[in-house]
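**Q** Input file: query14.txt. Contents: compact mmCIF, N, CA and C atoms.
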```txt
# COMPACT_ATOMS: atom_id res chain seq x y z
N MET A 298 46.50 153.71 12.83
CA MET A 298 47.68 154.43 13.21
C MET A 298 48.50 153.56 14.16
N LYS A 299 49.79 153.47 13.93
CA LYS A 299 50.67 152.67 14.77
C LYS A 299 51.07 153.49 16.00
N GLN A 300 50.94 152.89 17.17
CA GLN A 300 51.34 153.54 18.41
C GLN A 300 52.57 152.83 18.96
N VAL A 301 53.55 153.62 19.38
CA VAL A 301 54.78 153.09 19.94
C VAL A 301 55.00 153.75 21.29
N LYS A 302 55.32 152.95 22.30
CA LYS A 302 55.61 153.49 23.62
C LYS A 302 57.10 153.85 23.68
N LEU A 303 57.39 155.06 24.11
CA LEU A 303 58.76 155.53 24.25
C LEU A 303 59.03 155.86 25.71
N SER A 304 60.25 155.58 26.14
CA SER A 304 60.64 155.94 27.50
C SER A 304 61.09 157.40 27.51
N VAL A 305 61.20 157.96 28.69
CA VAL A 305 61.64 159.35 28.83
C VAL A 305 63.05 159.55 28.25
N PRO A 306 64.01 158.65 28.50
CA PRO A 306 65.33 158.83 27.90
C PRO A 306 65.30 158.81 26.37
N GLU A 307 64.44 157.98 25.79
CA GLU A 307 64.32 157.94 24.33
C GLU A 307 63.78 159.26 23.79
N ILE A 308 62.80 159.82 24.48
CA ILE A 308 62.26 161.11 24.07
C ILE A 308 63.32 162.19 24.21
N GLY A 309 64.11 162.12 25.27
CA GLY A 309 65.20 163.09 25.46
C GLY A 309 66.25 163.00 24.37
N LEU A 310 66.60 161.78 23.98
CA LEU A 310 67.57 161.61 22.90
C LEU A 310 67.04 162.17 21.58
N ILE A 311 65.79 161.91 21.31
CA ILE A 311 65.19 162.41 20.08
C ILE A 311 65.17 163.94 20.10
N ALA A 312 64.77 164.52 21.21
CA ALA A 312 64.74 165.99 21.31
C ALA A 312 66.14 166.58 21.20
N GLY A 313 67.12 165.92 21.81
CA GLY A 313 68.50 166.42 21.75
C GLY A 313 69.07 166.40 20.35
N THR A 314 68.79 165.34 19.61
CA THR A 314 69.31 165.28 18.24
C THR A 314 68.64 166.30 17.36
N ARG A 315 67.35 166.52 17.56
CA ARG A 315 66.65 167.54 16.77
C ARG A 315 67.17 168.93 17.13
N ALA A 316 67.49 169.15 18.41
CA ALA A 316 68.03 170.45 18.83
C ALA A 316 69.41 170.69 18.21
N ALA A 317 70.26 169.67 18.18
CA ALA A 317 71.58 169.81 17.58
C ALA A 317 71.47 170.13 16.10
N ALA A 318 70.59 169.45 15.40
CA ALA A 318 70.40 169.71 13.98
C ALA A 318 69.85 171.12 13.77
N GLY A 319 68.92 171.54 14.60
CA GLY A 319 68.35 172.88 14.48
C GLY A 319 69.36 173.96 14.80
N ALA A 320 70.19 173.74 15.82
CA ALA A 320 71.23 174.72 16.16
C ALA A 320 72.25 174.83 15.03
N GLY A 321 72.60 173.71 14.45
CA GLY A 321 73.54 173.73 13.33
C GLY A 321 72.98 174.49 12.14
N LEU A 322 71.72 174.25 11.84
CA LEU A 322 71.08 174.95 10.74
C LEU A 322 70.97 176.45 11.04
N ALA A 323 70.65 176.79 12.28
CA ALA A 323 70.56 178.21 12.66
C ALA A 323 71.91 178.90 12.51
N LEU A 324 72.98 178.22 12.91
CA LEU A 324 74.32 178.82 12.76
C LEU A 324 74.68 179.02 11.30
N LEU A 325 74.24 178.10 10.47
CA LEU A 325 74.52 178.25 9.04
C LEU A 325 73.79 179.47 8.46
N LEU A 326 72.66 179.80 9.04
CA LEU A 326 71.85 180.88 8.50
C LEU A 326 72.08 182.24 9.16
N CYS A 327 72.75 182.28 10.31
CA CYS A 327 72.94 183.55 11.01
C CYS A 327 74.23 184.25 10.57
N ASN A 328 74.37 185.50 10.97
CA ASN A 328 75.54 186.30 10.58
C ASN A 328 76.34 186.80 11.78
N ARG A 329 76.24 186.17 12.93
CA ARG A 329 76.90 186.65 14.14
C ARG A 329 78.38 186.27 14.21
N LEU A 330 78.75 185.12 13.70
CA LEU A 330 80.12 184.63 13.79
C LEU A 330 80.89 184.92 12.51
N ASN A 331 82.19 184.77 12.61
CA ASN A 331 83.04 184.80 11.43
C ASN A 331 82.50 183.73 10.48
N PRO A 332 82.39 184.01 9.19
CA PRO A 332 81.78 183.04 8.26
C PRO A 332 82.44 181.66 8.27
N ASP A 333 83.76 181.59 8.39
CA ASP A 333 84.42 180.28 8.41
C ASP A 333 84.09 179.50 9.68
N GLN A 334 84.10 180.19 10.82
CA GLN A 334 83.75 179.54 12.09
C GLN A 334 82.31 179.08 12.07
N ARG A 335 81.44 179.96 11.59
CA ARG A 335 80.01 179.65 11.54
C ARG A 335 79.75 178.42 10.69
N ARG A 336 80.37 178.35 9.53
CA ARG A 336 80.17 177.19 8.66
C ARG A 336 80.68 175.92 9.31
N ALA A 337 81.85 175.98 9.92
CA ALA A 337 82.44 174.78 10.54
C ALA A 337 81.55 174.26 11.68
N VAL A 338 81.15 175.15 12.56
CA VAL A 338 80.32 174.73 13.70
C VAL A 338 78.93 174.32 13.22
N GLY A 339 78.36 175.08 12.31
CA GLY A 339 77.02 174.77 11.81
C GLY A 339 76.95 173.42 11.12
N TRP A 340 77.89 173.16 10.21
CA TRP A 340 77.88 171.87 9.51
C TRP A 340 78.13 170.71 10.47
N THR A 341 78.99 170.94 11.47
CA THR A 341 79.27 169.88 12.44
C THR A 341 78.01 169.54 13.24
N LEU A 342 77.35 170.57 13.77
CA LEU A 342 76.13 170.32 14.55
C LEU A 342 75.03 169.70 13.68
N LEU A 343 74.88 170.19 12.48
CA LEU A 343 73.87 169.63 11.60
C LEU A 343 74.18 168.15 11.29
N ALA A 344 75.43 167.85 11.02
CA ALA A 344 75.83 166.47 10.71
C ALA A 344 75.62 165.56 11.92
N VAL A 345 75.97 166.03 13.11
CA VAL A 345 75.78 165.23 14.33
C VAL A 345 74.29 165.00 14.56
N GLY A 346 73.48 166.03 14.39
CA GLY A 346 72.04 165.89 14.57
C GLY A 346 71.43 164.88 13.61
N VAL A 347 71.82 164.96 12.35
CA VAL A 347 71.28 164.03 11.34
C VAL A 347 71.80 162.61 11.58
N ALA A 348 73.10 162.50 11.85
CA ALA A 348 73.72 161.17 12.03
C ALA A 348 73.16 160.44 13.25
N THR A 349 72.83 161.16 14.29
CA THR A 349 72.29 160.51 15.49
C THR A 349 70.79 160.30 15.39
N THR A 350 70.12 161.02 14.51
CA THR A 350 68.68 160.84 14.34
C THR A 350 68.36 159.54 13.60
N ILE A 351 69.17 159.19 12.64
CA ILE A 351 68.90 158.01 11.81
C ILE A 351 68.79 156.73 12.65
N PRO A 352 69.75 156.43 13.54
CA PRO A 352 69.59 155.21 14.35
C PRO A 352 68.40 155.28 15.31
N LEU A 353 68.09 156.48 15.83
CA LEU A 353 66.95 156.61 16.72
C LEU A 353 65.64 156.35 15.98
N VAL A 354 65.53 156.85 14.78
CA VAL A 354 64.31 156.61 13.98
C VAL A 354 64.19 155.12 13.68
N ALA A 355 65.29 154.49 13.34
CA ALA A 355 65.27 153.05 13.06
C ALA A 355 64.85 152.27 14.31
N HIS A 356 65.33 152.71 15.47
CA HIS A 356 64.99 152.05 16.73
C HIS A 356 63.49 152.20 17.03
N VAL A 357 62.97 153.41 16.86
CA VAL A 357 61.56 153.67 17.17
C VAL A 357 60.66 152.91 16.22
N PHE A 358 60.95 152.93 14.92
CA PHE A 358 60.09 152.24 13.97
C PHE A 358 60.30 150.73 13.99
N GLY A 359 61.38 150.27 14.61
CA GLY A 359 61.61 148.84 14.72
C GLY A 359 60.94 148.22 15.92
N LYS A 360 60.41 149.05 16.82
CA LYS A 360 59.72 148.55 18.02
C LYS A 360 58.39 147.95 17.62
N PRO A 361 57.96 146.92 18.37
CA PRO A 361 56.62 146.39 18.10
C PRO A 361 55.57 147.42 18.48
N ALA A 362 54.46 147.38 17.80
CA ALA A 362 53.38 148.33 18.06
C ALA A 362 52.79 148.07 19.44
N ALA A 363 52.43 149.15 20.11
CA ALA A 363 51.75 149.03 21.40
C ALA A 363 50.31 148.63 21.17
N PRO A 364 49.74 147.83 22.06
CA PRO A 364 48.32 147.47 21.90
C PRO A 364 47.45 148.71 21.99
N ALA A 365 46.39 148.75 21.17
CA ALA A 365 45.50 149.91 21.13
C ALA A 365 44.65 149.99 22.39
N ASP A 366 44.20 148.84 22.89
CA ASP A 366 43.36 148.81 24.10
C ASP A 366 44.04 147.95 25.16
N ALA A 367 43.67 148.22 26.41
CA ALA A 367 44.20 147.41 27.51
C ALA A 367 43.69 145.98 27.42
N GLU A 368 42.51 145.78 26.80
CA GLU A 368 41.93 144.45 26.69
C GLU A 368 42.74 143.56 25.74
N GLU A 369 43.46 144.16 24.77
CA GLU A 369 44.23 143.38 23.82
C GLU A 369 45.55 142.89 24.40
N ALA A 370 46.01 143.52 25.48
CA ALA A 370 47.31 143.18 26.06
C ALA A 370 47.34 141.86 26.75
```
Here is a file; write its structure as structure tokens.

**A**
Amino acid sequence: MKQVKLSVPEIGLIAGTRAAAGAGLALLLCNRLNPDQRRAVGWTLLAVGVATTIPLVAHVFGKPAAPADAEEA
């Protein structure tokens, strides 16, 4: 299994993008807003969440693997 060390800001960015995508999807599925408003806001949040997740995933998977043991470092 590949281990990657992430900083707290990187984890925050990942969580934020997932939250935006989830909020957008929730708005698309709920019935609280006017349907046109709901679709506009939902698609926007979903698109922002997906668009910002792609570079973060590329950044995380592009990092070198962390050593498994302290002795290997």

**Q** Report the closest atom pair, with its distance in Å rounded to one decimal, for each residue of region 340-365 of chain A that has an atom no farther than 8 Å from region 313-334 of chain A; count only C-alpha atoms, sort by chain and then rising residue number, and write it as JSON lines.

**A**
```
{"residue": "A:Trp340", "atom": "CA", "partner": "A:Gly321", "partner_atom": "CA", "distance": 6.1}
{"residue": "A:Thr341", "atom": "CA", "partner": "A:Gly321", "partner_atom": "CA", "distance": 7.0}
{"residue": "A:Leu342", "atom": "CA", "partner": "A:Gly321", "partner_atom": "CA", "distance": 4.5}
{"residue": "A:Leu343", "atom": "CA", "partner": "A:Ala318", "partner_atom": "CA", "distance": 4.2}
{"residue": "A:Ala344", "atom": "CA", "partner": "A:Ala318", "partner_atom": "CA", "distance": 7.1}
{"residue": "A:Val345", "atom": "CA", "partner": "A:Ala318", "partner_atom": "CA", "distance": 7.0}
{"residue": "A:Gly346", "atom": "CA", "partner": "A:Ala318", "partner_atom": "CA", "distance": 4.2}
{"residue": "A:Val347", "atom": "CA", "partner": "A:Ala318", "partner_atom": "CA", "distance": 6.3}
{"residue": "A:Thr349", "atom": "CA", "partner": "A:Thr314", "partner_atom": "CA", "distance": 6.3}
{"residue": "A:Thr350", "atom": "CA", "partner": "A:Thr314", "partner_atom": "CA", "distance": 5.9}
```

**Q** Write out, as a PDB file, in the frame of the given file, the residues just selected, with N, CA and C atoms.

**A**
```
ATOM      1  N   TRP A 340      77.890 173.160  10.210  1.00  0.00           N
ATOM      2  CA  TRP A 340      77.880 171.870   9.510  1.00  0.00           C
ATOM      3  C   TRP A 340      78.130 170.710  10.470  1.00  0.00           C
ATOM      4  N   THR A 341      78.990 170.940  11.470  1.00  0.00           N
ATOM      5  CA  THR A 341      79.270 169.880  12.440  1.00  0.00           C
ATOM      6  C   THR A 341      78.010 169.540  13.240  1.00  0.00           C
ATOM      7  N   LEU A 342      77.350 170.570  13.770  1.00  0.00           N
ATOM      8  CA  LEU A 342      76.130 170.320  14.550  1.00  0.00           C
ATOM      9  C   LEU A 342      75.030 169.700  13.680  1.00  0.00           C
ATOM     10  N   LEU A 343      74.880 170.190  12.480  1.00  0.00           N
ATOM     11  CA  LEU A 343      73.870 169.630  11.600  1.00  0.00           C
ATOM     12  C   LEU A 343      74.180 168.150  11.290  1.00  0.00           C
ATOM     13  N   ALA A 344      75.430 167.850  11.020  1.00  0.00           N
ATOM     14  CA  ALA A 344      75.830 166.470  10.710  1.00  0.00           C
ATOM     15  C   ALA A 344      75.620 165.560  11.920  1.00  0.00           C
ATOM     16  N   VAL A 345      75.970 166.030  13.110  1.00  0.00           N
ATOM     17  CA  VAL A 345      75.780 165.230  14.330  1.00  0.00           C
ATOM     18  C   VAL A 345      74.290 165.000  14.560  1.00  0.00           C
ATOM     19  N   GLY A 346      73.480 166.030  14.390  1.00  0.00           N
ATOM     20  CA  GLY A 346      72.040 165.890  14.570  1.00  0.00           C
ATOM     21  C   GLY A 346      71.430 164.880  13.610  1.00  0.00           C
ATOM     22  N   VAL A 347      71.820 164.960  12.350  1.00  0.00           N
ATOM     23  CA  VAL A 347      71.280 164.030  11.340  1.00  0.00           C
ATOM     24  C   VAL A 347      71.800 162.610  11.580  1.00  0.00           C
ATOM     25  N   THR A 349      72.830 161.160  14.290  1.00  0.00           N
ATOM     26  CA  THR A 349      72.290 160.510  15.490  1.00  0.00           C
ATOM     27  C   THR A 349      70.790 160.300  15.390  1.00  0.00           C
ATOM     28  N   THR A 350      70.120 161.020  14.510  1.00  0.00           N
ATOM     29  CA  THR A 350      68.680 160.840  14.340  1.00  0.00           C
ATOM     30  C   THR A 350      68.360 159.540  13.600  1.00  0.00           C
TER      31      THR A 350
END
```

**Q** Record the distance separating atom C of Glu307 (chain A) and atom C of His356 (chain A), expressed in Å with one decimal.

**A**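 The value is 9.8 Å.
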
**Q** At what distance in Å, to one decimal, does atom C of Lys360 (chain A) lie from atom N of Ala348 (chain A)?

**A**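 Rounded to one decimal, the two atoms are 21.5 Å apart.
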
**Q** Measure the distance from CA of Gln300 (chain A) to CA of Gly359 (chain A) in Å and round it to one decimal.

**A**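 Taking CA of Gln300 (chain A) and CA of Gly359 (chain A), their separation equals 11.9 Å.
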
**Q** Reconstruct region 330-341 of chain A at the level of all heavy atoms, and format the result as a PDB file, keeping the file's coordinate frame.

**A**
```pdb
ATOM      1  N   LEU A 330      78.750 185.120  13.700  1.00  0.00           N
ATOM      2  CA  LEU A 330      80.120 184.630  13.790  1.00  0.00           C
ATOM      3  C   LEU A 330      80.890 184.920  12.510  1.00  0.00           C
ATOM      4  O   LEU A 330      80.299 185.223  11.474  1.00  0.00           O
ATOM      5  CB  LEU A 330      80.136 183.118  14.039  1.00  0.00           C
ATOM      6  CG  LEU A 330      79.541 182.599  15.330  1.00  0.00           C
ATOM      7  CD1 LEU A 330      79.512 181.083  15.310  1.00  0.00           C
ATOM      8  CD2 LEU A 330      80.338 183.080  16.512  1.00  0.00           C
ATOM      9  N   ASN A 331      82.190 184.770  12.610  1.00  0.00           N
ATOM     10  CA  ASN A 331      83.040 184.800  11.430  1.00  0.00           C
ATOM     11  C   ASN A 331      82.500 183.730  10.480  1.00  0.00           C
ATOM     12  O   ASN A 331      82.170 182.627  10.903  1.00  0.00           O
ATOM     13  CB  ASN A 331      84.466 184.477  11.900  1.00  0.00           C
ATOM     14  CG  ASN A 331      85.441 184.172  10.802  1.00  0.00           C
ATOM     15  OD1 ASN A 331      85.083 183.713   9.729  1.00  0.00           O
ATOM     16  ND2 ASN A 331      86.695 184.410  11.104  1.00  0.00           N
ATOM     17  N   PRO A 332      82.390 184.010   9.190  1.00  0.00           N
ATOM     18  CA  PRO A 332      81.780 183.040   8.260  1.00  0.00           C
ATOM     19  C   PRO A 332      82.440 181.660   8.270  1.00  0.00           C
ATOM     20  O   PRO A 332      81.744 180.634   8.186  1.00  0.00           O
ATOM     21  CB  PRO A 332      81.937 183.701   6.895  1.00  0.00           C
ATOM     22  CG  PRO A 332      81.993 185.155   7.190  1.00  0.00           C
ATOM     23  CD  PRO A 332      82.678 185.273   8.520  1.00  0.00           C
ATOM     24  N   ASP A 333      83.760 181.590   8.390  1.00  0.00           N
ATOM     25  CA  ASP A 333      84.420 180.280   8.410  1.00  0.00           C
ATOM     26  C   ASP A 333      84.090 179.500   9.680  1.00  0.00           C
ATOM     27  O   ASP A 333      83.824 178.306   9.631  1.00  0.00           O
ATOM     28  CB  ASP A 333      85.942 180.441   8.286  1.00  0.00           C
ATOM     29  CG  ASP A 333      86.347 180.955   6.910  1.00  0.00           C
ATOM     30  OD1 ASP A 333      85.589 180.708   5.946  1.00  0.00           O
ATOM     31  OD2 ASP A 333      87.403 181.599   6.819  1.00  0.00           O
ATOM     32  N   GLN A 334      84.100 180.190  10.820  1.00  0.00           N
ATOM     33  CA  GLN A 334      83.750 179.540  12.090  1.00  0.00           C
ATOM     34  C   GLN A 334      82.310 179.080  12.070  1.00  0.00           C
ATOM     35  O   GLN A 334      81.980 177.986  12.515  1.00  0.00           O
ATOM     36  CB  GLN A 334      83.959 180.497  13.261  1.00  0.00           C
ATOM     37  CG  GLN A 334      85.376 180.845  13.555  1.00  0.00           C
ATOM     38  CD  GLN A 334      85.468 181.901  14.647  1.00  0.00           C
ATOM     39  OE1 GLN A 334      84.587 182.747  14.786  1.00  0.00           O
ATOM     40  NE2 GLN A 334      86.552 181.847  15.413  1.00  0.00           N
ATOM     41  N   ARG A 335      81.440 179.960  11.590  1.00  0.00           N
ATOM     42  CA  ARG A 335      80.010 179.650  11.540  1.00  0.00           C
ATOM     43  C   ARG A 335      79.750 178.420  10.690  1.00  0.00           C
ATOM     44  O   ARG A 335      79.011 177.522  11.085  1.00  0.00           O
ATOM     45  CB  ARG A 335      79.249 180.854  10.991  1.00  0.00           C
ATOM     46  CG  ARG A 335      77.757 180.673  11.076  1.00  0.00           C
ATOM     47  CD  ARG A 335      77.012 181.816  10.436  1.00  0.00           C
ATOM     48  NE  ARG A 335      77.226 181.751   8.995  1.00  0.00           N
ATOM     49  CZ  ARG A 335      77.450 182.789   8.214  1.00  0.00           C
ATOM     50  NH1 ARG A 335      77.507 183.989   8.715  1.00  0.00           N
ATOM     51  NH2 ARG A 335      77.620 182.629   6.915  1.00  0.00           N
ATOM     52  N   ARG A 336      80.370 178.350   9.530  1.00  0.00           N
ATOM     53  CA  ARG A 336      80.170 177.190   8.660  1.00  0.00           C
ATOM     54  C   ARG A 336      80.680 175.920   9.310  1.00  0.00           C
ATOM     55  O   ARG A 336      80.029 174.878   9.244  1.00  0.00           O
ATOM     56  CB  ARG A 336      80.857 177.413   7.316  1.00  0.00           C
ATOM     57  CG  ARG A 336      79.970 178.113   6.343  1.00  0.00           C
ATOM     58  CD  ARG A 336      80.562 178.108   4.943  1.00  0.00           C
ATOM     59  NE  ARG A 336      80.398 179.433   4.382  1.00  0.00           N
ATOM     60  CZ  ARG A 336      81.328 180.376   4.338  1.00  0.00           C
ATOM     61  NH1 ARG A 336      82.538 180.155   4.766  1.00  0.00           N
ATOM     62  NH2 ARG A 336      81.060 181.552   3.825  1.00  0.00           N
ATOM     63  N   ALA A 337      81.850 175.980   9.920  1.00  0.00           N
ATOM     64  CA  ALA A 337      82.440 174.780  10.540  1.00  0.00           C
ATOM     65  C   ALA A 337      81.550 174.260  11.680  1.00  0.00           C
ATOM     66  O   ALA A 337      81.226 173.065  11.721  1.00  0.00           O
ATOM     67  CB  ALA A 337      83.835 175.087  11.056  1.00  0.00           C
ATOM     68  N   VAL A 338      81.150 175.150  12.560  1.00  0.00           N
ATOM     69  CA  VAL A 338      80.320 174.730  13.700  1.00  0.00           C
ATOM     70  C   VAL A 338      78.930 174.320  13.220  1.00  0.00           C
ATOM     71  O   VAL A 338      78.374 173.307  13.663  1.00  0.00           O
ATOM     72  CB  VAL A 338      80.228 175.859  14.749  1.00  0.00           C
ATOM     73  CG1 VAL A 338      79.241 175.503  15.847  1.00  0.00           C
ATOM     74  CG2 VAL A 338      81.597 176.133  15.349  1.00  0.00           C
ATOM     75  N   GLY A 339      78.360 175.080  12.310  1.00  0.00           N
ATOM     76  CA  GLY A 339      77.020 174.770  11.810  1.00  0.00           C
ATOM     77  C   GLY A 339      76.950 173.420  11.120  1.00  0.00           C
ATOM     78  O   GLY A 339      76.057 172.625  11.395  1.00  0.00           O
ATOM     79  N   TRP A 340      77.890 173.160  10.210  1.00  0.00           N
ATOM     80  CA  TRP A 340      77.880 171.870   9.510  1.00  0.00           C
ATOM     81  C   TRP A 340      78.130 170.710  10.470  1.00  0.00           C
ATOM     82  O   TRP A 340      77.547 169.640  10.326  1.00  0.00           O
ATOM     83  CB  TRP A 340      78.912 171.845   8.377  1.00  0.00           C
ATOM     84  CG  TRP A 340      78.451 172.565   7.158  1.00  0.00           C
ATOM     85  CD1 TRP A 340      78.974 173.704   6.629  1.00  0.00           C
ATOM     86  CD2 TRP A 340      77.349 172.210   6.316  1.00  0.00           C
ATOM     87  NE1 TRP A 340      78.269 174.073   5.511  1.00  0.00           N
ATOM     88  CE2 TRP A 340      77.266 173.176   5.289  1.00  0.00           C
ATOM     89  CE3 TRP A 340      76.424 171.178   6.324  1.00  0.00           C
ATOM     90  CZ2 TRP A 340      76.301 173.131   4.291  1.00  0.00           C
ATOM     91  CZ3 TRP A 340      75.460 171.137   5.321  1.00  0.00           C
ATOM     92  CH2 TRP A 340      75.400 172.097   4.322  1.00  0.00           C
ATOM     93  N   THR A 341      78.990 170.940  11.470  1.00  0.00           N
ATOM     94  CA  THR A 341      79.270 169.880  12.440  1.00  0.00           C
ATOM     95  C   THR A 341      78.010 169.540  13.240  1.00  0.00           C
ATOM     96  O   THR A 341      77.665 168.371  13.403  1.00  0.00           O
ATOM     97  CB  THR A 341      80.409 170.290  13.384  1.00  0.00           C
ATOM     98  OG1 THR A 341      81.575 170.554  12.598  1.00  0.00           O
ATOM     99  CG2 THR A 341      80.699 169.217  14.404  1.00  0.00           C
TER     100      THR A 341
END
```
